[in-house]
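K.L.:
Let me give you the structure first, and then I'll get to my questions.
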Amino acid sequence: MNSPATLARDIDGKAIAATVLGEVAEQVRELTAQGIHPALAVVLVGDNPASQVYVRNKILRAGEAGIVSIERRLPSTCSQQELLEVIAMLNADPGVHGILVQLPVPAHIDEAAVIHAIDPAKDVDGFHRENVGGLVQGQDVLTPCTPSGCMRLLEETCGDLSGKHAVVIGRSNIVGKPMATLLLQAHCSVSIVHSRSVDAPALCRLADIVVVAVGKPKLIDASWLKPGAVVIDVGINRIDTPHGPKLVGDVDYNSARLVASAITPVPGGVGPMTIAYLLKNTVLAASKAPRIA
Ligand code: GUN
C-alpha cells in the first residue's frame, strides 16, 4: 500500500495523445509532399447520441492533423444492402485510405457482415478478421485503436514491459482480446479476467499491470490491486450524482490511487489516445496504399 502521502501519479493521456497527434501531423506533411493526401471515411448509421459525439470528435481531430475526412451519414432505417454499397464505393475509391463504420449499427444490420465488407487495407479499426488474425500471428497489420493507445500509455509509463504480469479485465473484440494479444507481444505474462472468472479480485491482485474494459462504473477498487500496480481504465460511464451527471471509469479512481503507482484518469486518460491511434492507422494505411498514377 502507498503511504497516505503517496498517491498514484496520473497518466496524462491528453499530453501523450498530443505527442502522437504531432507524429501523425508530421507523417501527413511527408505524405502530402509526395502527393498523397491521407483521407479517412467515417460512416454513421442512425442517430445514437454517443456515436454522434464520437464521430464529430474523430472528424475534428482528423482535420487538425491535416487528414481529409469524408462523412457518410445513413438513416437508422437504411438496409444492410445500402450500407454495404456505401462501403463498396469507399473500398473502390483510391482517394480513401481509411474506412470506419461507427459501432454499434442498428440491430437489423449484421455487424460482422459490415466489418468484413471493409477492405482490410483500409480497416483502420483493425476489426476485420484478416487484421485480427495477422495481429495474433505478429504480423504488421492495422491494429485496434484503443488497445494500441493503451500500449503507448504503458510504454511511456513503464518503459520495457517484458516479464510483467498483465491482467486484462474484459474480453471484448474491440478492447479485451486485442489488448491481451498486444501485451503478449510485448512479452508480458497475460491473464484475461471476465464475468465467469472465479475470484476475479484475487486474480487481479497478481497483476503488475491492470487494463480494465468492462463498462461497469467503479467496479475495481483498491482491494483488487497489488501495491504499485499500473492501472489503465478504458471505461467511460455516465452516472448521475447529486451534482448532476458525471463521467467515471470502470475503476474507482479515488480508492485505486491509494494503492496503485500510476493510473489513467477518466476523462483525460485512454479516451484521447483512441482517436490519436485512429489517425495514426489512417496515415499508416495511406503510406501503404497503391500509388495513384
Ligand atoms: N464504437 C465504440 N468503440 C468503437 C471503435 O473503436 N470503433 C468503431 N468503429 N466503433 C466503436
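Letters A, B, ... mark the chains of the C-alpha cells in the order given; residue numbers begin at 1 per chain; ligand numbers begin at 1, in order shown.
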Compile the contact shell of Ala117 (chain A) as a PyMOL selection string: residues with an atom at most 7 Å away, counting only C-alpha atoms, same-chain residues fewer than 2 positions apart removed.
P.N.:
chain A and resi 84+87+113-115+119
K.L.:
Give me, as a list in words, the set of residues whose atoms come within 8 Å of any atom of ligand 1, counting only C-alpha atoms and all ligand atoms.
P.N.:
Ser51, Leu100, Val101, Gln102, Leu103, Pro104, Asp125, Pro144, Cys145, Thr146, Ile174 and Thr274 of chain A
K.L.:
For Ile209 (chain A), please output as a PyMOL selection string all residues within 6 Å (counting only C-alpha atoms; exclusion window: fewer than 2 positions along the same chain).
P.N.:
chain A and resi 166+207+229-230
K.L.:
Selected residues, all heavy atoms, written as a compact mmCIF listing (two decimals), in the first residue's frame, please.
P.N.:
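What landed in again26.txt:
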# COMPACT_ATOMS: atom_id res chain seq x y z
N ALA A 166 0.43 -8.97 -16.68
CA ALA A 166 -0.67 -8.07 -17.02
C ALA A 166 -1.99 -8.81 -16.89
O ALA A 166 -2.13 -9.94 -17.37
CB ALA A 166 -0.49 -7.56 -18.45
N ALA A 207 -1.47 -8.78 -10.50
CA ALA A 207 -1.02 -8.03 -11.68
C ALA A 207 -0.08 -6.87 -11.37
O ALA A 207 -0.32 -6.11 -10.42
CB ALA A 207 -2.25 -7.48 -12.42
N ALA A 229 0.73 -1.36 -8.55
CA ALA A 229 0.22 -1.73 -9.89
C ALA A 229 -0.01 -0.48 -10.73
O ALA A 229 -0.29 0.60 -10.21
CB ALA A 229 -1.10 -2.51 -9.74
N VAL A 230 0.15 -0.67 -12.05
CA VAL A 230 -0.16 0.40 -13.01
C VAL A 230 -1.54 0.09 -13.59
O VAL A 230 -1.78 -1.03 -14.06
CB VAL A 230 0.92 0.47 -14.12
CG1 VAL A 230 0.53 1.45 -15.20
CG2 VAL A 230 2.27 0.84 -13.50
K.L.:
For each of A:Leu60, A:Leu278, A:Val136, A:Ala262, take the minimum atom-to-atom distance to Ile11 (chain A), counting only C-alpha atoms, then give the residue where this is smallest.
P.N.:
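Counting only C-alpha atoms, the residue closest to Ile11 (chain A) is A:Ala262.
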K.L.:
Write out as a tab-separated table the residues of region 206-288 of chain A that have any atom within 12 Å of an atom of region 31-40 of chain A, one row each with the nearest atom pair and its distance in Å to one decimal, counting only C-alpha atoms, sorted by chain and then rising number.
P.N.:
residue	atom	partner	partner_atom	distance
A:Leu278	CA	A:Leu40	CA	9.4
A:Leu279	CA	A:Leu40	CA	8.2
A:Lys280	CA	A:Pro38	CA	10.4
A:Asn281	CA	A:Leu40	CA	9.8
A:Thr282	CA	A:Leu40	CA	6.5
A:Val283	CA	A:Pro38	CA	6.0
A:Leu284	CA	A:Pro38	CA	9.1
A:Ala285	CA	A:Pro38	CA	8.4
A:Ala286	CA	A:Pro38	CA	5.5
A:Ser287	CA	A:Leu31	CA	7.1
A:Lys288	CA	A:Leu31	CA	10.7
K.L.:
Only C-alpha atoms, please: the residues just picked out, written as a compact mmCIF listing (two decimals), in the first residue's frame.
P.N.:
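File again.txt, as written:
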# COMPACT_ATOMS: atom_id res chain seq x y z
CA LEU A 278 -7.20 6.01 -35.37
CA LEU A 279 -5.40 8.82 -37.17
CA LYS A 280 -2.04 7.02 -36.89
CA ASN A 281 -3.68 3.99 -38.54
CA THR A 282 -5.06 6.25 -41.27
CA VAL A 283 -1.59 7.61 -42.18
CA LEU A 284 -0.19 4.07 -41.99
CA ALA A 285 -2.87 2.87 -44.43
CA ALA A 286 -2.19 5.87 -46.69
CA SER A 287 1.56 5.20 -46.68
CA LYS A 288 0.99 1.59 -47.79
K.L.:
Run DSSP on the backbone and tell me which residues of region 126-218 of chain A come out as alpha helix (DSSP H); list them as an MDAnalysis selection string.
P.N.:
chainID A and resid 129:136 145:158 176:185 200:204
K.L.:
Store the residues picked out above, limited to C-alpha atoms, as a PDB file, in the first residue's frame.
P.N.:
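Result saved to part-v8.pdb:
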ATOM      1  CA  ARG A 129     -10.675 -10.999 -39.408  1.00  0.00           C
ATOM      2  CA  GLU A 130      -7.652 -10.645 -41.688  1.00  0.00           C
ATOM      3  CA  ASN A 131      -6.211  -7.955 -39.396  1.00  0.00           C
ATOM      4  CA  VAL A 132      -7.251  -9.805 -36.224  1.00  0.00           C
ATOM      5  CA  GLY A 133      -5.534 -12.965 -37.481  1.00  0.00           C
ATOM      6  CA  GLY A 134      -2.464 -11.004 -38.554  1.00  0.00           C
ATOM      7  CA  LEU A 135      -2.228  -9.401 -35.115  1.00  0.00           C
ATOM      8  CA  VAL A 136      -2.340 -12.788 -33.382  1.00  0.00           C
ATOM      9  CA  CYS A 145      -7.047   1.849 -31.808  1.00  0.00           C
ATOM     10  CA  THR A 146      -7.921   1.719 -28.103  1.00  0.00           C
ATOM     11  CA  PRO A 147      -5.559  -1.183 -27.271  1.00  0.00           C
ATOM     12  CA  SER A 148      -2.792   0.463 -29.345  1.00  0.00           C
ATOM     13  CA  GLY A 149      -3.333   3.672 -27.382  1.00  0.00           C
ATOM     14  CA  CYS A 150      -3.210   1.766 -24.075  1.00  0.00           C
ATOM     15  CA  MET A 151       0.087   0.137 -25.104  1.00  0.00           C
ATOM     16  CA  ARG A 152       1.581   3.557 -25.788  1.00  0.00           C
ATOM     17  CA  LEU A 153       0.434   4.781 -22.350  1.00  0.00           C
ATOM     18  CA  LEU A 154       2.039   1.735 -20.733  1.00  0.00           C
ATOM     19  CA  GLU A 155       5.298   2.106 -22.682  1.00  0.00           C
ATOM     20  CA  GLU A 156       5.514   5.796 -21.731  1.00  0.00           C
ATOM     21  CA  THR A 157       4.781   4.932 -18.074  1.00  0.00           C
ATOM     22  CA  CYS A 158       6.704   1.681 -17.519  1.00  0.00           C
ATOM     23  CA  GLY A 176     -10.010  -7.019 -24.238  1.00  0.00           C
ATOM     24  CA  LYS A 177      -8.870  -9.626 -26.773  1.00  0.00           C
ATOM     25  CA  PRO A 178      -6.586  -7.378 -28.878  1.00  0.00           C
ATOM     26  CA  MET A 179      -5.209  -5.782 -25.689  1.00  0.00           C
ATOM     27  CA  ALA A 180      -4.206  -9.192 -24.337  1.00  0.00           C
ATOM     28  CA  THR A 181      -2.564 -10.027 -27.670  1.00  0.00           C
ATOM     29  CA  LEU A 182      -0.544  -6.793 -27.743  1.00  0.00           C
ATOM     30  CA  LEU A 183       0.616  -7.310 -24.145  1.00  0.00           C
ATOM     31  CA  LEU A 184       1.701 -10.843 -25.023  1.00  0.00           C
ATOM     32  CA  GLN A 185       3.692  -9.468 -27.962  1.00  0.00           C
ATOM     33  CA  ALA A 200     -11.630 -12.001 -10.090  1.00  0.00           C
ATOM     34  CA  PRO A 201     -10.216  -9.675  -7.389  1.00  0.00           C
ATOM     35  CA  ALA A 202      -7.680 -12.326  -6.309  1.00  0.00           C
ATOM     36  CA  LEU A 203      -6.549 -12.833  -9.923  1.00  0.00           C
ATOM     37  CA  CYS A 204      -6.289  -9.087 -10.403  1.00  0.00           C
TER      38      CYS A 204
END
K.L.:
So that each row is one residue of region 34-122 of chain A with an atom at most 12 Å from region 15-23 of chain A, can you give its shortest atom pair and the distance in Å to one decimal, using only C-alpha atoms, rows by chain and rising number, as CSV?
P.N.:
residue,atom,partner,partner_atom,distance
A:Arg61,CA,A:Leu21,CA,8.6
A:Ala62,CA,A:Leu21,CA,9.3
A:Gly63,CA,A:Leu21,CA,11.2
A:Glu64,CA,A:Leu21,CA,8.9
A:Ala65,CA,A:Leu21,CA,6.7
A:Gly66,CA,A:Leu21,CA,10.3
A:Ile67,CA,A:Leu21,CA,11.1
K.L.:
Based on the selection just made, write all heavy atoms of those residues as a PDB file, in the first residue's frame.
P.N.:
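Listing of selection-v9.pdb after writing:
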ATOM      1  N   ARG A  61     -10.609  16.040 -35.071  1.00  0.00           N
ATOM      2  CA  ARG A  61      -9.174  15.756 -34.844  1.00  0.00           C
ATOM      3  C   ARG A  61      -8.478  15.426 -36.163  1.00  0.00           C
ATOM      4  O   ARG A  61      -7.318  15.783 -36.359  1.00  0.00           O
ATOM      5  CB  ARG A  61      -8.997  14.591 -33.865  1.00  0.00           C
ATOM      6  CG  ARG A  61      -9.457  14.844 -32.486  1.00  0.00           C
ATOM      7  CD  ARG A  61      -8.439  15.638 -31.649  1.00  0.00           C
ATOM      8  NE  ARG A  61      -9.049  16.078 -30.427  1.00  0.00           N
ATOM      9  CZ  ARG A  61      -9.684  17.249 -30.244  1.00  0.00           C
ATOM     10  NH1 ARG A  61      -9.725  18.131 -31.221  1.00  0.00           N
ATOM     11  NH2 ARG A  61     -10.235  17.566 -29.105  1.00  0.00           N
ATOM     12  N   ALA A  62      -9.172  14.733 -37.044  1.00  0.00           N
ATOM     13  CA  ALA A  62      -8.574  14.405 -38.347  1.00  0.00           C
ATOM     14  C   ALA A  62      -8.210  15.703 -39.058  1.00  0.00           C
ATOM     15  O   ALA A  62      -7.076  15.857 -39.549  1.00  0.00           O
ATOM     16  CB  ALA A  62      -9.556  13.586 -39.190  1.00  0.00           C
ATOM     17  N   GLY A  63      -9.132  16.650 -39.075  1.00  0.00           N
ATOM     18  CA  GLY A  63      -8.892  17.937 -39.738  1.00  0.00           C
ATOM     19  C   GLY A  63      -7.692  18.638 -39.141  1.00  0.00           C
ATOM     20  O   GLY A  63      -6.843  19.178 -39.863  1.00  0.00           O
ATOM     21  N   GLU A  64      -7.596  18.609 -37.807  1.00  0.00           N
ATOM     22  CA  GLU A  64      -6.470  19.281 -37.130  1.00  0.00           C
ATOM     23  C   GLU A  64      -5.136  18.660 -37.516  1.00  0.00           C
ATOM     24  O   GLU A  64      -4.112  19.332 -37.532  1.00  0.00           O
ATOM     25  CB  GLU A  64      -6.650  19.203 -35.607  1.00  0.00           C
ATOM     26  CG  GLU A  64      -7.733  20.147 -35.094  1.00  0.00           C
ATOM     27  CD  GLU A  64      -8.114  19.873 -33.647  1.00  0.00           C
ATOM     28  OE1 GLU A  64      -7.457  19.028 -32.988  1.00  0.00           O
ATOM     29  OE2 GLU A  64      -9.078  20.497 -33.187  1.00  0.00           O
ATOM     30  N   ALA A  65      -5.148  17.360 -37.798  1.00  0.00           N
ATOM     31  CA  ALA A  65      -3.894  16.675 -38.174  1.00  0.00           C
ATOM     32  C   ALA A  65      -3.639  16.771 -39.682  1.00  0.00           C
ATOM     33  O   ALA A  65      -2.657  16.213 -40.173  1.00  0.00           O
ATOM     34  CB  ALA A  65      -3.953  15.211 -37.733  1.00  0.00           C
ATOM     35  N   GLY A  66      -4.519  17.434 -40.414  1.00  0.00           N
ATOM     36  CA  GLY A  66      -4.322  17.589 -41.869  1.00  0.00           C
ATOM     37  C   GLY A  66      -4.853  16.419 -42.680  1.00  0.00           C
ATOM     38  O   GLY A  66      -4.535  16.276 -43.862  1.00  0.00           O
ATOM     39  N   ILE A  67      -5.671  15.573 -42.019  1.00  0.00           N
ATOM     40  CA  ILE A  67      -6.253  14.417 -42.715  1.00  0.00           C
ATOM     41  C   ILE A  67      -7.616  14.820 -43.285  1.00  0.00           C
ATOM     42  O   ILE A  67      -8.426  15.446 -42.585  1.00  0.00           O
ATOM     43  CB  ILE A  67      -6.390  13.217 -41.748  1.00  0.00           C
ATOM     44  CG1 ILE A  67      -4.989  12.727 -41.357  1.00  0.00           C
ATOM     45  CG2 ILE A  67      -7.231  12.088 -42.352  1.00  0.00           C
ATOM     46  CD1 ILE A  67      -4.982  11.633 -40.303  1.00  0.00           C
TER      47      ILE A  67
END
K.L.:
Of the residues A:Ile109, A:Ile220, A:Leu74, A:Val55, which is the one nearest to Ile232 (chain A), using only C-alpha atoms?
P.N.:
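Looking only at the distances to Ile232 (chain A), the closest residue turns out to be A:Ile220.
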K.L.:
Run DSSP on the backbone of this structure and report the residues of region 46-132 of chain A it assigns to strand (DSSP E), as a list of chain:residue names.
P.N.:
A:Val68, A:Ser69, A:Ile70, A:Glu71, A:Arg72, A:Arg73, A:Leu74, A:Gly98, A:Ile99, A:Leu100, A:Val101
K.L.:
For the selection you just gave me, I'd like the residues written to a file as a JSON list (two decimals), in the first residue's frame, keeping all heavy atoms.
P.N.:
[["chain", "number", "residue", "atom", "x", "y", "z"],
["A", 68, "VAL", "N", -7.84, 14.48, -44.54],
["A", 68, "VAL", "CA", -9.14, 14.76, -45.18],
["A", 68, "VAL", "C", -10.16, 13.81, -44.58],
["A", 68, "VAL", "O", -9.89, 12.62, -44.44],
["A", 68, "VAL", "CB", -9.04, 14.49, -46.71],
["A", 68, "VAL", "CG1", -10.37, 14.74, -47.40],
["A", 68, "VAL", "CG2", -7.92, 15.32, -47.32],
["A", 69, "SER", "N", -11.34, 14.33, -44.20],
["A", 69, "SER", "CA", -12.35, 13.37, -43.74],
["A", 69, "SER", "C", -13.58, 13.42, -44.63],
["A", 69, "SER", "O", -13.95, 14.47, -45.15],
["A", 69, "SER", "CB", -12.71, 13.58, -42.27],
["A", 69, "SER", "OG", -13.07, 14.89, -42.06],
["A", 70, "ILE", "N", -14.13, 12.25, -44.81],
["A", 70, "ILE", "CA", -15.31, 12.09, -45.66],
["A", 70, "ILE", "C", -16.38, 11.48, -44.76],
["A", 70, "ILE", "O", -16.15, 10.42, -44.17],
["A", 70, "ILE", "CB", -14.99, 11.13, -46.83],
["A", 70, "ILE", "CG1", -13.86, 11.73, -47.68],
["A", 70, "ILE", "CG2", -16.21, 10.81, -47.67],
["A", 70, "ILE", "CD1", -12.92, 10.70, -48.20],
["A", 71, "GLU", "N", -17.50, 12.19, -44.62],
["A", 71, "GLU", "CA", -18.53, 11.72, -43.69],
["A", 71, "GLU", "C", -19.70, 11.17, -44.50],
["A", 71, "GLU", "O", -20.17, 11.82, -45.43],
["A", 71, "GLU", "CB", -18.98, 12.92, -42.85],
["A", 71, "GLU", "CG", -19.71, 12.55, -41.61],
["A", 71, "GLU", "CD", -20.08, 13.78, -40.79],
["A", 71, "GLU", "OE1", -19.61, 14.88, -41.08],
["A", 71, "GLU", "OE2", -20.88, 13.60, -39.87],
["A", 72, "ARG", "N", -20.12, 9.96, -44.13],
["A", 72, "ARG", "CA", -21.32, 9.39, -44.78],
["A", 72, "ARG", "C", -22.32, 9.07, -43.68],
["A", 72, "ARG", "O", -22.06, 8.22, -42.83],
["A", 72, "ARG", "CB", -20.96, 8.10, -45.52],
["A", 72, "ARG", "CG", -20.07, 8.29, -46.71],
["A", 72, "ARG", "CD", -20.87, 8.68, -47.96],
["A", 72, "ARG", "NE", -19.99, 8.84, -49.11],
["A", 72, "ARG", "CZ", -19.34, 9.98, -49.43],
["A", 72, "ARG", "NH1", -19.51, 11.07, -48.70],
["A", 72, "ARG", "NH2", -18.55, 10.02, -50.48],
["A", 73, "ARG", "N", -23.45, 9.77, -43.69],
["A", 73, "ARG", "CA", -24.50, 9.52, -42.68],
["A", 73, "ARG", "C", -25.66, 8.82, -43.35],
["A", 73, "ARG", "O", -26.12, 9.26, -44.40],
["A", 73, "ARG", "CB", -24.97, 10.84, -42.09],
["A", 73, "ARG", "CG", -24.00, 11.38, -41.07],
["A", 73, "ARG", "CD", -24.52, 12.70, -40.50],
["A", 73, "ARG", "NE", -23.52, 13.22, -39.59],
["A", 73, "ARG", "CZ", -23.63, 13.20, -38.25],
["A", 73, "ARG", "NH1", -24.71, 12.70, -37.70],
["A", 73, "ARG", "NH2", -22.68, 13.67, -37.49],
["A", 74, "LEU", "N", -26.11, 7.75, -42.73],
["A", 74, "LEU", "CA", -27.25, 7.00, -43.27],
["A", 74, "LEU", "C", -28.33, 6.93, -42.19],
["A", 74, "LEU", "O", -28.02, 6.87, -41.00],
["A", 74, "LEU", "CB", -26.81, 5.57, -43.64],
["A", 74, "LEU", "CG", -25.73, 5.48, -44.74],
["A", 74, "LEU", "CD1", -25.18, 4.08, -44.83],
["A", 74, "LEU", "CD2", -26.31, 5.90, -46.07],
["A", 98, "GLY", "N", -8.71, 5.19, -45.31],
["A", 98, "GLY", "CA", -9.23, 4.53, -44.12],
["A", 98, "GLY", "C", -10.74, 4.59, -44.12],
["A", 98, "GLY", "O", -11.33, 5.58, -44.54],
["A", 99, "ILE", "N", -11.37, 3.49, -43.66],
["A", 99, "ILE", "CA", -12.84, 3.45, -43.56],
["A", 99, "ILE", "C", -13.20, 2.99, -42.14],
["A", 99, "ILE", "O", -12.68, 1.96, -41.67],
["A", 99, "ILE", "CB", -13.45, 2.45, -44.57],
["A", 99, "ILE", "CG1", -13.04, 2.81, -46.00],
["A", 99, "ILE", "CG2", -14.98, 2.42, -44.43],
["A", 99, "ILE", "CD1", -13.43, 1.74, -47.03],
["A", 100, "LEU", "N", -14.07, 3.75, -41.52],
["A", 100, "LEU", "CA", -14.54, 3.38, -40.18],
["A", 100, "LEU", "C", -16.06, 3.44, -40.17],
["A", 100, "LEU", "O", -16.64, 4.45, -40.56],
["A", 100, "LEU", "CB", -13.96, 4.40, -39.20],
["A", 100, "LEU", "CG", -14.40, 4.36, -37.74],
["A", 100, "LEU", "CD1", -13.29, 4.88, -36.88],
["A", 100, "LEU", "CD2", -15.66, 5.16, -37.48],
["A", 101, "VAL", "N", -16.69, 2.36, -39.80],
["A", 101, "VAL", "CA", -18.15, 2.37, -39.58],
["A", 101, "VAL", "C", -18.35, 2.42, -38.08],
["A", 101, "VAL", "O", -17.93, 1.50, -37.36],
["A", 101, "VAL", "CB", -18.83, 1.11, -40.18],
["A", 101, "VAL", "CG1", -20.33, 1.14, -39.89],
["A", 101, "VAL", "CG2", -18.57, 1.01, -41.67]]
K.L.:
Enter the distance from CA of Cys78 (chain A) to CA of Val43 (chain A), in Å, rounded to one decimal.
P.N.:
12.4 Å
K.L.:
So, with only C-alpha atoms as the atoms that count, which of A:Ala222, A:Ala213, A:Val198, A:Ala107 lies closest to Tyr253 (chain A)?
P.N.:
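Closest residue, counting only C-alpha atoms: A:Ala222.
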K.L.:
Please determine, counting only C-alpha atoms, which residue among A:Pro242, A:Gly170, A:Pro75, A:Pro290 has the shortest atom-to-atom distance to Pro94 (chain A).
P.N.:
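The closest residue to Pro94 (chain A) is A:Pro290.
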